[in-house]
Amino acid sequence: MKGVPAETDFVVIGAGVTGLRAAIELAEAGRVVVLAKSEIADSTPQNGAAPLSDEDEVTLHLHDTLSAGDGLSNVEAVKVLLEEAPERIEELLHWSVQGGRGSKLVFTREGTQGPNRLLHAQGDSTAREIVRALRGRARSIKNISICEFQFSTELRVEDGRVCGVSLLDEKGLPQEISTSAVLLATGGLGQIYRNTSNGAAATGDGLAMAFSAGAEVGDLEFIQFHPMVLYLKKAPRFVLSEGLLGGGAYLRNMEMTHFMPKYHPMAELAPRDVVARAVVHELEVVNAKDPVVYLDLTHLNGGQVQKRFPRIYSTCMEYNIDLTTDLIPVRPAAHYAMGGVRTDLDGSSSLPGLFAAGEAATTGLHGANRLPSNSLLEGLVFGARGGKMMRNELEHGAMKPHRPARAANSNGPVDAGLEELIGEIQDVMWKDVGVVRSGSKMKGAVQHLQRLAERVAHPRTRRAYEARNLHTAALLVARCALAREESRGAHYRIDFPAHNDAKFLKHSVVRGETVRFL
């Protein structure tokens with residue numbers, strides 16, 4: 001594999017939907033290096049859909065997004081998303097056809113949503129097909145170099161400006177790359193939790209690097225938990241679409257009771273956070289070592305279920321579960337982070353030379369809770385906007401000279417006790433800063449995490465850097481959640497169960513040791 005160059009015009013960290021779309025936009029202005037810590041195919045979400053088609057009503061979509069955001073959505077960000085979506089979708093459809101292989105992107109509907117709002121791939125993961133189309137387009141542009149297995153460890157900051165990236169290459173050797181600006185498209189932080197739908201790469205790397213470099217981050221108390229993730233000991237935490245609930249499935253506890261009607265008049269069609277909390281309560285009251293609830297579709301037409309949800313059906317069959325005849329064990333899992341690096345609508349962070357987009361960033365688009373399926377479209381729209389604005393950095397920022405790499409790090413044997421340490425972070429977060437929260441438990445979580453700081457302070461391997469990033473992200477989430485003394489959107493506290501608009505109809509902002517609300 002070709003090595004990473006010592007200098008380039010632009011660096012994009014992350015090679016998913018957001019990073020690739022940003023790189024395509026940037027390539028018009030100069031040389032772009034895209035750094036991916038794994039293979040691109042491994043960095044994509046397992047499922048998802050991009051909303052908005054010609055049949056969609058923008059006003060309805062705007063209303064739905066703002067409603068999900070529970071008072072904290074940035075209306076301008078939502079308008080930008082919806083106004084620029086048609087052009088982003090049209091170019092994506094064009095690139096998909098140009099690729100000449102794989103599955104075809106089409107518009108469908110999911111669950112109870114009215115118009116054909118969702119962009120789906122026929123026969124494959126939508127996110128994977130979108131990435132395939134973007135990757136094909138990016139690789140056709142000579143100004144773009146995609147470098148896989150390059151683990152970014154630190155943002156270089158000189159004279160108050162980001163001017164480069166430190167990284168470990170595929171062999172674990174340190175490298176430096178100088179650039180005019182960096183865009184973070186590193187995705188989420190779901191791996192701070194024991195149970196997550198996120199892949200192994202979601203270790204909050206971009207968030208941790210930006211915070212350590214001095215950038216503002218915020219809204220990290222808002223973590224969306226998906227209520228239904230396949231829960232088998234030897235299976236990945238595969239998300240079971242809420243379209244199953246919209247199609248008439250029931251949730252049953254271990255006593256086979258259909259429990260959702262007692263929690264909400266809409267039963268299974270209640271908001272995602274309500275369903276997640278109901279499931280958690282059912283898990284807590286049962287006397288079992290490893291409790292679950294069950295998703296029940298056995299009363300539905302089996303042929304229609306199989307036809308409507310072919311990928312979910314085939315995945316479950318891999319683990320000997322037949323959706324049409326078997327109950328499916330499920331649990332909630334961390335799914336999406338509404339918070340991240342604070343940016344404006346063009347991806348600019350508070351730190352000159354640093355940009356961010358997608359799940360790694362927060363523009364206020366999602367507010368306190370994300371409307372399902374908005375995230376892929378966010379990556380397309382704000383990835384393109386960030387790339388376009390970042391072009392100007394060639395004019396404003398003189399590139400700093402390349403500096404020699406530091407002494408070689410080892411990427412050899414796994415650090416002693418590292419996986420146990422990561423597991424400890426994940427357990428603390430799941431137990432004390434999870435679906436249902438309280439001040440006393442979160443104070444304990446913050447103190448526990450602070451005691452672990454020294455153990456992640458001097459990373460030398462990729463996994464050790466991931467442990468450090470997980471620790472940073474977890475502590476930020478816990479601190480923000482403790483500071484917000486109300487319940488709003490995905491953030492629910494039993495000691496403050498109501499909204500407090502007078503104090504907290506604001507966004508959390510963290511820089512250094514202080515959490516503010518602005």
# chains A, B, ... in the order shown; residues from 1 in each chain; ligands from 1
call {"tool": "residues_around", "arguments": {"residues": "Gly248 in chain A", "least_positions_apart": "6", "cutoff": "10 Å", "atoms": "only C-alpha atoms", "output": "list in words"}}
result
Gly111, Glu268, Leu269, Asp296, Leu297, His299 and Leu300 of chain A
call {"tool": "residues_around", "arguments": {"residues": "Val446 in chain A", "least_positions_apart": "4", "cutoff": "7 Å", "atoms": "only C-alpha atoms", "output": "count of residues only"}}
result
5
call {"tool": "closest_atom_pairs", "arguments": {"of": "range 301-398 of chain A", "to": "range 81-92 of chain A", "cutoff": "7 Å", "atoms": "only C-alpha atoms", "output": "tab-separated table"}}
result
residue	atom	partner	partner_atom	distance
A:Glu378	CA	A:Leu81	CA	6.7
A:Leu380	CA	A:Arg88	CA	6.5
A:Val381	CA	A:Leu81	CA	6.2
call {"tool": "closest_atom_pairs", "arguments": {"of": "range 314-403 of chain A", "to": "range 191-203 of chain A", "cutoff": "9 Å", "atoms": "only C-alpha atoms", "output": "tab-separated table"}}
result
residue	atom	partner	partner_atom	distance
A:Arg331	CA	A:Asn195	CA	8.4
A:Pro332	CA	A:Asn195	CA	7.5
A:Ala333	CA	A:Thr196	CA	4.4
A:Ala334	CA	A:Thr196	CA	4.4
A:His335	CA	A:Ser197	CA	5.4
A:Tyr336	CA	A:Asn198	CA	8.1
call {"tool": "residues_around", "arguments": {"residues": "Gln175 in chain A", "least_positions_apart": "6", "cutoff": "7 Å", "atoms": "only C-alpha atoms", "output": "PDB file with C-alpha atoms, in the first residue's frame"}}
result
ATOM      1  CA  SER A 166      -0.105  12.595  13.945  1.00  0.00           C
ATOM      2  CA  LEU A 167      -0.933   8.974  13.190  1.00  0.00           C
ATOM      3  CA  LEU A 168       0.110   5.358  13.479  1.00  0.00           C
ATOM      4  CA  ASP A 169       0.460   3.562  10.179  1.00  0.00           C
ATOM      5  CA  ALA A 405       8.032  11.589  13.445  1.00  0.00           C
TER       6      ALA A 405
END
call {"tool": "residues_around", "arguments": {"residues": "range 338-342 of chain A", "least_positions_apart": "2", "cutoff": "10 Å", "atoms": "only C-alpha atoms", "output": "number ranges by chain"}}
result
A: 69, 184, 187-189, 204, 206-211, 215-224, 335-336, 344-345, 347-351, 354-370, 375, 473, 476-477, 490, 507-510
